[in-house]
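Visitor: Got query-v8.txt for you, compact mmCIF, all heavy atoms:
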# COMPACT_ATOMS: atom_id res chain seq x y z
N MET A 1 -3.57 -12.37 -11.49
CA MET A 1 -3.81 -10.93 -11.51
C MET A 1 -3.34 -10.34 -10.18
O MET A 1 -3.66 -10.84 -9.11
CB MET A 1 -5.29 -10.67 -11.72
CG MET A 1 -5.64 -9.23 -11.81
SD MET A 1 -7.38 -9.05 -12.23
CE MET A 1 -7.38 -7.36 -12.65
N ALA A 2 -2.61 -9.28 -10.25
CA ALA A 2 -2.08 -8.63 -9.05
C ALA A 2 -3.19 -7.85 -8.35
O ALA A 2 -4.02 -7.22 -8.97
CB ALA A 2 -0.95 -7.69 -9.42
N LYS A 3 -3.17 -7.93 -7.02
CA LYS A 3 -4.15 -7.21 -6.23
C LYS A 3 -3.74 -5.75 -6.14
O LYS A 3 -2.57 -5.44 -6.06
CB LYS A 3 -4.26 -7.81 -4.85
CG LYS A 3 -4.79 -9.22 -4.85
CD LYS A 3 -4.87 -9.75 -3.44
CE LYS A 3 -5.35 -11.17 -3.45
NZ LYS A 3 -5.40 -11.73 -2.09
N LYS A 4 -4.73 -4.87 -6.14
CA LYS A 4 -4.47 -3.44 -6.02
C LYS A 4 -4.98 -2.98 -4.67
O LYS A 4 -6.10 -3.27 -4.27
CB LYS A 4 -5.16 -2.67 -7.14
CG LYS A 4 -4.59 -2.95 -8.50
CD LYS A 4 -5.25 -2.10 -9.55
CE LYS A 4 -4.67 -2.40 -10.91
NZ LYS A 4 -5.31 -1.60 -11.95
N TYR A 5 -4.13 -2.27 -3.95
CA TYR A 5 -4.48 -1.77 -2.63
C TYR A 5 -4.44 -0.26 -2.64
O TYR A 5 -3.70 0.35 -3.40
CB TYR A 5 -3.52 -2.30 -1.58
CG TYR A 5 -3.53 -3.80 -1.46
CD1 TYR A 5 -2.36 -4.52 -1.58
CD2 TYR A 5 -4.70 -4.49 -1.21
CE1 TYR A 5 -2.36 -5.90 -1.47
CE2 TYR A 5 -4.71 -5.86 -1.09
CZ TYR A 5 -3.54 -6.56 -1.22
OH TYR A 5 -3.53 -7.92 -1.10
N LYS A 6 -5.22 0.35 -1.74
CA LYS A 6 -5.28 1.80 -1.64
C LYS A 6 -4.46 2.30 -0.46
O LYS A 6 -4.41 1.66 0.58
CB LYS A 6 -6.72 2.27 -1.48
CG LYS A 6 -7.54 2.16 -2.71
CD LYS A 6 -8.86 2.83 -2.51
CE LYS A 6 -9.66 2.80 -3.79
NZ LYS A 6 -10.91 3.54 -3.64
N CYS A 7 -3.86 3.45 -0.65
CA CYS A 7 -3.12 4.12 0.42
C CYS A 7 -4.12 4.71 1.42
O CYS A 7 -5.09 5.35 1.01
CB CYS A 7 -2.26 5.22 -0.18
SG CYS A 7 -1.42 6.23 1.05
N PRO A 8 -3.92 4.51 2.72
CA PRO A 8 -4.86 5.07 3.71
C PRO A 8 -4.74 6.59 3.85
O PRO A 8 -5.61 7.23 4.42
CB PRO A 8 -4.47 4.38 5.01
CG PRO A 8 -3.06 3.99 4.83
CD PRO A 8 -2.88 3.70 3.36
N TYR A 9 -3.69 7.18 3.32
CA TYR A 9 -3.47 8.62 3.45
C TYR A 9 -4.03 9.40 2.27
O TYR A 9 -4.72 10.39 2.45
CB TYR A 9 -1.98 8.92 3.60
CG TYR A 9 -1.36 8.21 4.78
CD1 TYR A 9 -0.48 7.15 4.58
CD2 TYR A 9 -1.67 8.57 6.08
CE1 TYR A 9 0.08 6.48 5.66
CE2 TYR A 9 -1.12 7.90 7.16
CZ TYR A 9 -0.24 6.86 6.94
OH TYR A 9 0.30 6.19 8.01
N CYS A 10 -3.74 8.96 1.06
CA CYS A 10 -4.17 9.73 -0.12
C CYS A 10 -5.17 9.00 -1.00
O CYS A 10 -5.62 9.55 -1.99
CB CYS A 10 -2.96 10.14 -0.95
SG CYS A 10 -2.10 8.74 -1.71
N GLN A 11 -5.48 7.74 -0.67
CA GLN A 11 -6.45 6.90 -1.39
C GLN A 11 -6.04 6.59 -2.83
O GLN A 11 -6.87 6.25 -3.65
CB GLN A 11 -7.85 7.54 -1.37
CG GLN A 11 -8.42 7.71 0.01
CD GLN A 11 -8.55 6.40 0.78
OE1 GLN A 11 -8.94 5.40 0.24
NE2 GLN A 11 -8.18 6.42 2.04
N GLN A 12 -4.75 6.69 -3.14
CA GLN A 12 -4.26 6.30 -4.45
C GLN A 12 -4.24 4.77 -4.52
O GLN A 12 -3.91 4.10 -3.56
CB GLN A 12 -2.84 6.82 -4.67
CG GLN A 12 -2.27 6.41 -6.01
CD GLN A 12 -0.82 6.83 -6.16
OE1 GLN A 12 -0.31 7.58 -5.35
NE2 GLN A 12 -0.20 6.36 -7.20
N GLU A 13 -4.60 4.19 -5.66
CA GLU A 13 -4.70 2.74 -5.75
C GLU A 13 -3.38 2.03 -5.97
O GLU A 13 -3.21 0.90 -5.55
CB GLU A 13 -5.66 2.35 -6.88
CG GLU A 13 -7.10 2.59 -6.51
CD GLU A 13 -8.06 1.96 -7.49
OE1 GLU A 13 -7.70 0.97 -8.14
OE2 GLU A 13 -9.17 2.47 -7.61
N GLN A 14 -2.44 2.63 -6.62
CA GLN A 14 -1.21 1.94 -6.99
C GLN A 14 -0.14 2.06 -5.92
O GLN A 14 0.76 2.86 -6.02
CB GLN A 14 -0.67 2.49 -8.32
CG GLN A 14 -1.60 2.27 -9.47
CD GLN A 14 -1.66 0.81 -9.92
OE1 GLN A 14 -1.22 -0.11 -9.24
NE2 GLN A 14 -2.22 0.59 -11.06
N VAL A 15 -0.25 1.26 -4.87
CA VAL A 15 0.82 1.20 -3.88
C VAL A 15 1.72 0.03 -4.23
O VAL A 15 1.25 -1.00 -4.70
CB VAL A 15 0.30 1.09 -2.43
CG1 VAL A 15 -0.37 2.37 -2.00
CG2 VAL A 15 -0.62 -0.07 -2.25
N GLU A 16 3.00 0.18 -4.02
CA GLU A 16 3.98 -0.84 -4.36
C GLU A 16 4.22 -1.75 -3.17
O GLU A 16 4.45 -1.28 -2.06
CB GLU A 16 5.29 -0.16 -4.76
CG GLU A 16 6.40 -1.10 -5.12
CD GLU A 16 7.69 -0.37 -5.45
OE1 GLU A 16 7.67 0.86 -5.60
OE2 GLU A 16 8.71 -1.05 -5.53
N GLU A 17 4.15 -3.07 -3.39
CA GLU A 17 4.37 -4.02 -2.31
C GLU A 17 5.86 -4.31 -2.18
O GLU A 17 6.54 -4.59 -3.16
CB GLU A 17 3.63 -5.33 -2.58
CG GLU A 17 3.73 -6.31 -1.45
CD GLU A 17 2.93 -7.57 -1.69
OE1 GLU A 17 2.54 -7.85 -2.83
OE2 GLU A 17 2.69 -8.27 -0.70
N ILE A 18 6.37 -4.23 -0.96
CA ILE A 18 7.77 -4.50 -0.66
C ILE A 18 7.81 -5.67 0.31
O ILE A 18 7.29 -5.58 1.41
CB ILE A 18 8.46 -3.26 -0.05
CG1 ILE A 18 8.37 -2.09 -1.01
CG2 ILE A 18 9.90 -3.57 0.29
CD1 ILE A 18 8.79 -0.78 -0.39
N VAL A 19 8.43 -6.78 -0.12
CA VAL A 19 8.51 -7.97 0.72
C VAL A 19 9.98 -8.24 1.02
O VAL A 19 10.79 -8.37 0.12
CB VAL A 19 7.88 -9.19 0.01
CG1 VAL A 19 7.98 -10.42 0.89
CG2 VAL A 19 6.45 -8.91 -0.36
N ALA A 20 10.31 -8.30 2.31
CA ALA A 20 11.68 -8.57 2.74
C ALA A 20 11.65 -9.35 4.05
O ALA A 20 10.93 -8.97 4.98
CB ALA A 20 12.43 -7.27 2.93
N CYS A 21 12.38 -10.44 4.10
CA CYS A 21 12.49 -11.27 5.31
C CYS A 21 11.13 -11.73 5.83
O CYS A 21 10.90 -11.77 7.03
CB CYS A 21 13.25 -10.54 6.41
SG CYS A 21 14.92 -10.09 5.95
N GLY A 22 10.21 -12.00 4.94
CA GLY A 22 8.90 -12.50 5.33
C GLY A 22 7.90 -11.44 5.73
O GLY A 22 6.76 -11.75 6.02
N ALA A 23 8.29 -10.19 5.79
CA ALA A 23 7.37 -9.11 6.15
C ALA A 23 6.97 -8.35 4.90
O ALA A 23 7.80 -8.04 4.05
CB ALA A 23 8.04 -8.16 7.13
N ALA A 24 5.69 -8.05 4.78
CA ALA A 24 5.19 -7.29 3.64
C ALA A 24 4.85 -5.88 4.07
O ALA A 24 4.12 -5.68 5.04
CB ALA A 24 3.97 -7.97 3.05
N ASN A 25 5.38 -4.90 3.38
CA ASN A 25 5.05 -3.50 3.59
C ASN A 25 4.71 -2.91 2.23
O ASN A 25 4.95 -3.51 1.20
CB ASN A 25 6.22 -2.74 4.21
CG ASN A 25 6.41 -3.09 5.67
OD1 ASN A 25 5.48 -3.04 6.45
ND2 ASN A 25 7.62 -3.45 6.03
N TYR A 26 4.18 -1.73 2.24
CA TYR A 26 3.74 -1.08 1.01
C TYR A 26 4.28 0.33 0.98
O TYR A 26 4.45 0.97 2.00
CB TYR A 26 2.21 -1.08 0.95
CG TYR A 26 1.64 -2.47 1.00
CD1 TYR A 26 1.35 -3.08 2.22
CD2 TYR A 26 1.42 -3.20 -0.15
CE1 TYR A 26 0.86 -4.37 2.28
CE2 TYR A 26 0.93 -4.49 -0.11
CZ TYR A 26 0.65 -5.07 1.11
OH TYR A 26 0.17 -6.35 1.18
N PHE A 27 4.53 0.83 -0.25
CA PHE A 27 5.06 2.17 -0.44
C PHE A 27 4.17 2.92 -1.41
O PHE A 27 3.86 2.42 -2.50
CB PHE A 27 6.49 2.12 -0.98
CG PHE A 27 7.12 3.47 -1.11
CD1 PHE A 27 7.56 4.17 -0.01
CD2 PHE A 27 7.25 4.07 -2.36
CE1 PHE A 27 8.13 5.42 -0.13
CE2 PHE A 27 7.81 5.33 -2.49
CZ PHE A 27 8.26 6.00 -1.38
N CYS A 28 3.75 4.11 -1.03
CA CYS A 28 2.92 4.95 -1.89
C CYS A 28 3.81 5.95 -2.61
O CYS A 28 4.52 6.73 -1.97
CB CYS A 28 1.87 5.68 -1.06
SG CYS A 28 0.83 6.77 -2.04
N GLU A 29 3.78 5.90 -3.92
CA GLU A 29 4.58 6.83 -4.73
C GLU A 29 4.03 8.25 -4.68
O GLU A 29 4.75 9.21 -4.84
CB GLU A 29 4.61 6.36 -6.20
CG GLU A 29 5.48 5.16 -6.43
CD GLU A 29 6.96 5.47 -6.35
OE1 GLU A 29 7.35 6.62 -6.60
OE2 GLU A 29 7.73 4.55 -6.04
N ASN A 30 2.72 8.38 -4.45
CA ASN A 30 2.09 9.69 -4.46
C ASN A 30 2.46 10.52 -3.22
O ASN A 30 2.89 11.66 -3.34
CB ASN A 30 0.58 9.54 -4.56
CG ASN A 30 -0.13 10.85 -4.79
OD1 ASN A 30 0.36 11.69 -5.53
ND2 ASN A 30 -1.28 11.01 -4.19
N CYS A 31 2.33 9.93 -2.03
CA CYS A 31 2.62 10.69 -0.81
C CYS A 31 3.98 10.34 -0.21
O CYS A 31 4.34 10.88 0.82
CB CYS A 31 1.51 10.52 0.22
SG CYS A 31 1.22 8.85 0.76
N LYS A 32 4.72 9.42 -0.86
CA LYS A 32 6.10 9.06 -0.46
C LYS A 32 6.17 8.55 0.97
O LYS A 32 7.01 8.94 1.75
CB LYS A 32 7.05 10.25 -0.62
CG LYS A 32 7.04 10.88 -2.00
CD LYS A 32 7.64 9.97 -3.01
CE LYS A 32 7.80 10.72 -4.32
NZ LYS A 32 7.51 9.95 -5.48
N LYS A 33 5.24 7.65 1.33
CA LYS A 33 5.22 7.09 2.68
C LYS A 33 5.28 5.57 2.62
O LYS A 33 4.72 4.95 1.72
CB LYS A 33 3.94 7.49 3.40
CG LYS A 33 3.87 8.94 3.76
CD LYS A 33 2.66 9.24 4.61
CE LYS A 33 2.64 10.70 4.99
NZ LYS A 33 1.56 11.01 5.92
N LEU A 34 5.95 4.99 3.61
CA LEU A 34 5.96 3.55 3.79
C LEU A 34 4.76 3.20 4.66
O LEU A 34 4.53 3.81 5.70
CB LEU A 34 7.26 3.11 4.46
CG LEU A 34 7.47 1.62 4.61
CD1 LEU A 34 7.61 0.97 3.23
CD2 LEU A 34 8.71 1.34 5.42
N ILE A 35 3.99 2.20 4.23
CA ILE A 35 2.75 1.84 4.90
C ILE A 35 2.85 0.39 5.36
O ILE A 35 3.23 -0.48 4.58
CB ILE A 35 1.55 2.00 3.93
CG1 ILE A 35 1.55 3.40 3.34
CG2 ILE A 35 0.25 1.71 4.64
CD1 ILE A 35 0.75 3.51 2.07
N SER A 36 2.50 0.13 6.60
CA SER A 36 2.54 -1.24 7.11
C SER A 36 1.36 -2.02 6.54
O SER A 36 0.36 -1.46 6.10
CB SER A 36 2.50 -1.26 8.63
OG SER A 36 1.22 -0.94 9.09
N SER A 37 1.46 -3.34 6.59
CA SER A 37 0.40 -4.18 6.05
C SER A 37 -0.88 -4.07 6.88
O SER A 37 -1.97 -4.35 6.39
CB SER A 37 0.86 -5.63 5.98
OG SER A 37 1.21 -6.10 7.26
N LYS A 38 -0.78 -3.66 8.13
CA LYS A 38 -1.97 -3.47 8.97
C LYS A 38 -2.75 -2.22 8.61
O LYS A 38 -3.93 -2.13 8.88
CB LYS A 38 -1.57 -3.43 10.45
CG LYS A 38 -1.05 -4.75 10.95
CD LYS A 38 -0.69 -4.65 12.41
CE LYS A 38 -0.15 -5.99 12.90
NZ LYS A 38 0.23 -5.94 14.30
N GLN A 39 -2.09 -1.24 8.02
CA GLN A 39 -2.74 0.03 7.69
C GLN A 39 -3.32 0.05 6.29
O GLN A 39 -4.13 0.92 5.99
CB GLN A 39 -1.73 1.17 7.81
CG GLN A 39 -1.31 1.46 9.21
CD GLN A 39 -0.31 2.60 9.25
OE1 GLN A 39 0.55 2.69 8.39
NE2 GLN A 39 -0.45 3.45 10.23
N ILE A 40 -2.92 -0.86 5.43
CA ILE A 40 -3.33 -0.80 4.03
C ILE A 40 -4.82 -1.15 3.92
O ILE A 40 -5.33 -1.95 4.68
CB ILE A 40 -2.46 -1.73 3.17
CG1 ILE A 40 -2.50 -1.33 1.70
CG2 ILE A 40 -2.86 -3.17 3.31
CD1 ILE A 40 -1.67 -0.15 1.39
N ASN A 41 -5.52 -0.50 3.00
CA ASN A 41 -6.94 -0.74 2.80
C ASN A 41 -7.10 -1.91 1.84
O ASN A 41 -7.14 -1.74 0.64
CB ASN A 41 -7.62 0.51 2.23
CG ASN A 41 -7.64 1.65 3.20
OD1 ASN A 41 -7.65 1.42 4.40
ND2 ASN A 41 -7.64 2.86 2.71
N LYS A 42 -7.23 -3.12 2.37
CA LYS A 42 -7.33 -4.32 1.54
C LYS A 42 -8.75 -4.59 1.08
O LYS A 42 -8.97 -5.38 0.19
CB LYS A 42 -6.80 -5.53 2.30
CG LYS A 42 -5.32 -5.45 2.56
CD LYS A 42 -4.81 -6.68 3.24
CE LYS A 42 -3.30 -6.55 3.45
NZ LYS A 42 -2.74 -7.72 4.12
N ASN A 43 -9.73 -3.95 1.66
CA ASN A 43 -11.12 -4.20 1.31
C ASN A 43 -11.56 -3.46 0.05
O ASN A 43 -12.60 -3.76 -0.49
CB ASN A 43 -12.04 -3.80 2.47
CG ASN A 43 -11.77 -4.63 3.70
OD1 ASN A 43 -11.35 -5.77 3.61
ND2 ASN A 43 -12.02 -4.06 4.86
N GLN A 44 -10.82 -2.52 -0.39
CA GLN A 44 -11.21 -1.68 -1.52
C GLN A 44 -10.93 -2.35 -2.84
O GLN A 44 -9.96 -2.82 -3.15
CB GLN A 44 -10.51 -0.34 -1.46
CG GLN A 44 -10.76 0.40 -0.20
CD GLN A 44 -12.17 0.91 -0.05
OE1 GLN A 44 -12.80 1.27 -1.03
NE2 GLN A 44 -12.69 0.90 1.16
Here is the file; what I need is its structure written in the form of structure tokens.
Guide:
Amino acid sequence: MAKKYKCPYCQQEQVEEIVACGAANYFCENCKKLISSKQINKNQ
């Protein structure tokens, strides 16, 4: 089952995970922002 993370800006649950060269980042379709893995709300 895929984990769902929340955007720290708009609190939308469906952020897209982008993995490249060993680094994971996330993209929020709602607010159109790239979010680092340190900023993502993983506890929710």
Visitor: Would you list the contacts of range 31-41 of chain A as a PyMOL selection string, taking every protein, DNA or RNA residue within 5 Å and counting all atoms listed in the file, but skipping same-chain residues closer than 6 positions in sequence?
Guide: chain A and resi 5-12+15+18+24-25
Visitor: Would you place a box with edges along x, y and z of the file around all atoms of range 3-10 of chain A listed there, add 4 Å to each of its six sides, and report the centre and edge lengths in Å to one decimal, as AutoDock Vina command-line options?
Guide:
--center_x -5.3 --center_y -0.7 --center_z -2.0 --size_x 19.2 --size_y 30.1 --size_z 28.0
Visitor: So the first atom is atom O of Cys28 in chain A and the second is atom O of Lys4 in chain A; what is the distance between them in Å, to one decimal place?
Guide: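 Value for the atom O of Cys28 in chain A-atom O of Lys4 in chain A distance: 14.8 Å.
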Visitor: I'd like to know which residues of chain A are strand (DSSP E or B) (by DSSP, run on the backbone); could you write them as a list of chain:residue names?
Guide: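 Assigned to strand (DSSP E or B), within chain A: A:Tyr5, A:Lys6, A:Gln14, A:Val15, A:Glu16, A:Glu17, A:Ile18, A:Val19, A:Ala20, A:Ala23, A:Ala24, A:Asn25, A:Tyr26, A:Phe27, A:Cys28, A:Lys33, A:Leu34, A:Ile35, A:Ser36, A:Asn41.
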Visitor: Extract range 1-40 of chain A from the preceding block and save N, CA and C atoms as a short mmCIF file (atom, residue, chain, number, x, y, z; two decimals), in the first residue's frame.
Guide:
data_model
loop_
_atom_site.label_atom_id
_atom_site.label_comp_id
_atom_site.auth_asym_id
_atom_site.auth_seq_id
_atom_site.Cartn_x
_atom_site.Cartn_y
_atom_site.Cartn_z
N MET A 1 0.85 -1.19 0.00
CA MET A 1 0.00 0.00 0.00
C MET A 1 0.89 1.24 0.00
N ALA A 2 0.58 2.17 -0.86
CA ALA A 2 1.37 3.39 -0.97
C ALA A 2 1.06 4.33 0.20
N LYS A 3 2.10 4.96 0.71
CA LYS A 3 1.93 5.90 1.80
C LYS A 3 1.41 7.22 1.25
N LYS A 4 0.56 7.88 2.02
CA LYS A 4 0.02 9.17 1.62
C LYS A 4 0.60 10.23 2.53
N TYR A 5 1.12 11.28 1.94
CA TYR A 5 1.71 12.37 2.70
C TYR A 5 0.94 13.65 2.43
N LYS A 6 1.00 14.56 3.40
CA LYS A 6 0.30 15.84 3.27
C LYS A 6 1.26 16.95 2.91
N CYS A 7 0.78 17.88 2.13
CA CYS A 7 1.54 19.08 1.77
C CYS A 7 1.58 20.02 2.98
N PRO A 8 2.75 20.55 3.33
CA PRO A 8 2.82 21.46 4.48
C PRO A 8 2.20 22.83 4.20
N TYR A 9 1.93 23.14 2.96
CA TYR A 9 1.36 24.45 2.59
C TYR A 9 -0.15 24.44 2.53
N CYS A 10 -0.72 23.45 1.86
CA CYS A 10 -2.18 23.44 1.68
C CYS A 10 -2.88 22.27 2.35
N GLN A 11 -2.11 21.35 2.95
CA GLN A 11 -2.61 20.18 3.68
C GLN A 11 -3.37 19.18 2.79
N GLN A 12 -3.13 19.22 1.48
CA GLN A 12 -3.72 18.24 0.58
C GLN A 12 -2.98 16.92 0.77
N GLU A 13 -3.68 15.80 0.74
CA GLU A 13 -3.06 14.51 1.01
C GLU A 13 -2.32 13.91 -0.17
N GLN A 14 -2.73 14.15 -1.37
CA GLN A 14 -2.15 13.49 -2.52
C GLN A 14 -0.97 14.25 -3.10
N VAL A 15 0.18 14.12 -2.48
CA VAL A 15 1.39 14.68 -3.05
C VAL A 15 2.10 13.59 -3.83
N GLU A 16 2.70 13.94 -4.94
CA GLU A 16 3.37 12.98 -5.81
C GLU A 16 4.84 12.87 -5.43
N GLU A 17 5.32 11.63 -5.25
CA GLU A 17 6.71 11.42 -4.90
C GLU A 17 7.56 11.37 -6.16
N ILE A 18 8.65 12.13 -6.15
CA ILE A 18 9.59 12.18 -7.28
C ILE A 18 10.94 11.71 -6.76
N VAL A 19 11.43 10.60 -7.32
CA VAL A 19 12.71 10.04 -6.90
C VAL A 19 13.68 10.10 -8.07
N ALA A 20 14.82 10.76 -7.86
CA ALA A 20 15.84 10.89 -8.90
C ALA A 20 17.22 10.92 -8.25
N CYS A 21 18.11 10.09 -8.73
CA CYS A 21 19.50 10.03 -8.24
C CYS A 21 19.57 9.80 -6.74
N GLY A 22 18.67 9.02 -6.20
CA GLY A 22 18.69 8.69 -4.78
C GLY A 22 18.04 9.71 -3.88
N ALA A 23 17.59 10.83 -4.40
CA ALA A 23 16.94 11.85 -3.58
C ALA A 23 15.44 11.80 -3.81
N ALA A 24 14.68 11.88 -2.74
CA ALA A 24 13.22 11.87 -2.84
C ALA A 24 12.68 13.26 -2.57
N ASN A 25 11.87 13.77 -3.47
CA ASN A 25 11.17 15.03 -3.30
C ASN A 25 9.71 14.78 -3.60
N TYR A 26 8.89 15.74 -3.29
CA TYR A 26 7.45 15.60 -3.47
C TYR A 26 6.92 16.82 -4.18
N PHE A 27 5.84 16.61 -4.96
CA PHE A 27 5.22 17.70 -5.72
C PHE A 27 3.74 17.73 -5.40
N CYS A 28 3.24 18.90 -5.04
CA CYS A 28 1.83 19.09 -4.75
C CYS A 28 1.13 19.62 -5.98
N GLU A 29 0.15 18.89 -6.46
CA GLU A 29 -0.62 19.32 -7.64
C GLU A 29 -1.53 20.49 -7.33
N ASN A 30 -1.95 20.61 -6.07
CA ASN A 30 -2.89 21.66 -5.70
C ASN A 30 -2.23 23.04 -5.68
N CYS A 31 -1.09 23.17 -5.00
CA CYS A 31 -0.44 24.48 -4.91
C CYS A 31 0.75 24.62 -5.86
N LYS A 32 1.03 23.56 -6.65
CA LYS A 32 2.08 23.59 -7.70
C LYS A 32 3.45 23.93 -7.13
N LYS A 33 3.81 23.27 -6.01
CA LYS A 33 5.11 23.51 -5.38
C LYS A 33 5.87 22.20 -5.24
N LEU A 34 7.19 22.29 -5.37
CA LEU A 34 8.07 21.18 -5.10
C LEU A 34 8.42 21.23 -3.62
N ILE A 35 8.29 20.10 -2.93
CA ILE A 35 8.48 20.03 -1.49
C ILE A 35 9.61 19.06 -1.19
N SER A 36 10.55 19.47 -0.35
CA SER A 36 11.65 18.58 0.02
C SER A 36 11.14 17.52 0.98
N SER A 37 11.90 16.44 1.10
CA SER A 37 11.49 15.35 1.99
C SER A 37 11.54 15.77 3.46
N LYS A 38 12.31 16.79 3.79
CA LYS A 38 12.37 17.28 5.17
C LYS A 38 11.14 18.09 5.55
N GLN A 39 10.45 18.66 4.58
CA GLN A 39 9.29 19.49 4.85
C GLN A 39 7.98 18.72 4.83
N ILE A 40 7.96 17.54 4.27
CA ILE A 40 6.72 16.81 4.09
C ILE A 40 6.20 16.33 5.45
#
